[in-house]
Amino acid sequence: MATDAPAKFRRPELFPSAGDLSVAQHDGLRFWQFMVAGSVAGLVEHTAMFPVDTLKTRMQAGSPLGMRQALRAVLSLEGTFGLYRGLGAMSLGAGPAHAVYFSVYELSKESLARGNPNNPVVHAASGVLATVVSDAVFTPMDTVKQRLQLKGSPYRGVMDCVARVLREEGFRAFFASYKTTVVMNAPYTAVHFATYEAAKRGMREISPEIASDERLVVHATAGAAAGALAAAVTTPLDVVKTQLQCQGVCGCDRFSSSSTSEVIRAIIRRDGYTGLMRGWKPRILFHAPAAAICWSTYEATKSLFQKLNDEK
């Protein structure tokens, strides 16, 4: 390709060096702008849907209540604040994790596409690469968040939880669920990104004049479909992740290892196979609108940066 081609069409390296962070990568954006867009999208998504996430966590940690009953119990015993306990930990983890998530996805997609931007295998592989890296960033704070979300949580706040876990269980406790999280999020992300890109493409083919890439309704609709489908098929592993992150707290079982198969067997012995689908309703209710919010915010932020870059 000619060296004087526009920067947005030049092929980037998968991970640019620190000195390249201000150079346009693709879509007319710089690497740091992908990170900011992803960070904003992650914070908006998780904050908006946090109460649903709290209900999901409590149900998956062993609460026998259904979603409506769990909601009434939280509101009657703890008030609205109870639905937002752990929000600080989420904020500390979600921003950096989503910044890494979306920037790795964009760079991987551009690097792997090789002239075929509509290849679903590329979208899925890029999503898997993104989640492996971002989960390493988010898992410690996700562990803190879920422990704070439990009914009767013994921790006073984020720093108290971090200090007590370090003192009583060691640093490895923050990563007890990492392998399970990656095993869960790899197929989740593969399904999510492939569905998202396919849904956008399908809407453009059905109604090209309406389903423009610039319309937020396209990103919201495609994101909701992708989030719902991916959440449904990965619920059992999400239950395992919650059990590992909350083990030994508020009556949750403690496991001798972080083996996913061991936790699955323990859940089946205790609750039967239905125990692996505990919390599937709030999980889908979380991920469908959350994905719609996340993608819409992400694409809107990207568009803002593109306009700012074009004006320079």
# chains A, B, ... in the order shown; residues from 1 in each chain; ligands from 1
>>> residues_around(residues="A:Lys151", least_positions_apart="5", cutoff="10 Å", atoms="only C-alpha atoms", output="list in words")
Thr54, Thr57, Arg58, Ala61, Ser63, Ala73, Val74, Leu77, Glu78, Gly82, Arg85, Val249, Cys250 and Gly251 of chain A
>>> residues_around(residues="stretch 115-125 of chain A", least_positions_apart="4", cutoff="9 Å", atoms="only C-alpha atoms", output="PDB file with C-alpha atoms, in the first residue's frame")
ATOM      1  CA  TYR A 105     -10.592  -5.787  19.919  1.00  0.00           C
ATOM      2  CA  SER A 108      -6.968  -7.298  16.576  1.00  0.00           C
ATOM      3  CA  LYS A 109      -9.883  -6.978  14.145  1.00  0.00           C
ATOM      4  CA  GLU A 110      -7.897  -4.622  11.920  1.00  0.00           C
ATOM      5  CA  LEU A 129      -8.071 -11.963  22.502  1.00  0.00           C
ATOM      6  CA  ALA A 130      -9.684  -8.882  24.001  1.00  0.00           C
ATOM      7  CA  ALA A 186     -14.025 -16.582  25.574  1.00  0.00           C
ATOM      8  CA  PRO A 187     -17.196 -18.219  24.176  1.00  0.00           C
ATOM      9  CA  THR A 189     -17.190 -12.805  23.630  1.00  0.00           C
ATOM     10  CA  ALA A 190     -16.930 -14.948  20.502  1.00  0.00           C
ATOM     11  CA  VAL A 191     -20.726 -15.285  20.335  1.00  0.00           C
ATOM     12  CA  HIS A 192     -21.223 -11.648  21.323  1.00  0.00           C
ATOM     13  CA  PHE A 193     -18.953 -10.038  18.744  1.00  0.00           C
ATOM     14  CA  ALA A 194     -19.879 -12.403  15.928  1.00  0.00           C
ATOM     15  CA  THR A 195     -23.590 -11.821  16.620  1.00  0.00           C
ATOM     16  CA  GLU A 197     -21.298  -7.722  13.603  1.00  0.00           C
ATOM     17  CA  ALA A 198     -23.705 -10.142  11.872  1.00  0.00           C
ATOM     18  CA  ARG A 201     -24.647  -6.428   8.580  1.00  0.00           C
TER      19      ARG A 201
END
>>> residues_around(residues="A:Thr139", least_positions_apart="3", cutoff="8 Å", atoms="only C-alpha atoms", output="VMD selection string")
chain A and resid 93 135 to 136 142 to 143 174 to 175 177 to 178 181
>>> closest_residue(among="A:Arg68, A:Arg167, A:His98, A:Lys241", to="A:Ala41", atoms="only C-alpha atoms")
A:His98
>>> select_by_dssp(residues="stretch 23-263 of chain A", states="strand (DSSP E)", output="list in words")
Ala24, Gln25, His26, Leu29 and Arg30 of chain A
>>> write_last_selection(atoms="N, CA, C and O atoms", output="tab-separated table (two decimals), in the first residue's frame")
chain	number	residue	atom	x	y	z
A	24	ALA	N	-2.83	7.81	14.41
A	24	ALA	CA	-4.10	7.22	14.00
A	24	ALA	C	-3.89	5.77	13.60
A	24	ALA	O	-2.98	5.44	12.85
A	25	GLN	N	-4.73	4.86	14.11
A	25	GLN	CA	-4.59	3.43	13.83
A	25	GLN	C	-5.53	3.01	12.69
A	25	GLN	O	-5.10	2.61	11.64
A	26	HIS	N	-6.84	3.08	12.93
A	26	HIS	CA	-7.83	2.85	11.88
A	26	HIS	C	-9.12	3.50	12.32
A	26	HIS	O	-9.25	3.98	13.42
A	29	LEU	N	-9.04	6.94	14.17
A	29	LEU	CA	-8.85	7.17	15.60
A	29	LEU	C	-7.46	6.75	16.05
A	29	LEU	O	-6.83	5.88	15.46
A	30	ARG	N	-7.01	7.37	17.12
A	30	ARG	CA	-5.75	7.02	17.75
A	30	ARG	C	-5.99	5.94	18.80
A	30	ARG	O	-7.10	5.79	19.29
>>> select_by_dssp(residues="stretch 78-214 of chain A", states="helix (DSSP H, G or I)", output="PyMOL selection string")
chain A and resi 78+80-84+87-113+120-149+158-168+171-175+178-206
>>> atom_distance(atom1="atom CA of A:Trp32", atom2="atom CA of A:Glu45")
19.9 Å
>>> closest_residue(among="A:Ser259, A:Ser134, A:Thr297, A:Asn309", to="A:His219", atoms="only C-alpha atoms")
A:Thr297
>>> closest_residue(among="A:Val165, A:Val52, A:Ser126, A:Leu43", to="A:Ala97", atoms="only C-alpha atoms")
A:Leu43
>>> closest_atom_pairs(of="stretch 28-106 of chain A", to="stretch 157-163 of chain A", cutoff="12 Å", atoms="only C-alpha atoms", output="tab-separated table")
residue	atom	partner	partner_atom	distance
A:Tyr84	CA	A:Gly157	CA	11.9
A:Arg85	CA	A:Gly157	CA	8.5
A:Gly86	CA	A:Val158	CA	7.3
A:Leu87	CA	A:Val158	CA	9.3
A:Gly88	CA	A:Val158	CA	7.0
A:Ala89	CA	A:Val158	CA	6.0
A:Met90	CA	A:Val158	CA	9.7
A:Ser91	CA	A:Val158	CA	10.8
A:Leu92	CA	A:Val158	CA	9.7
A:Gly93	CA	A:Val158	CA	11.4
>>> atom_distance(atom1="atom CA of A:Thr131", atom2="atom CA of A:Tyr101")
6.1 Å
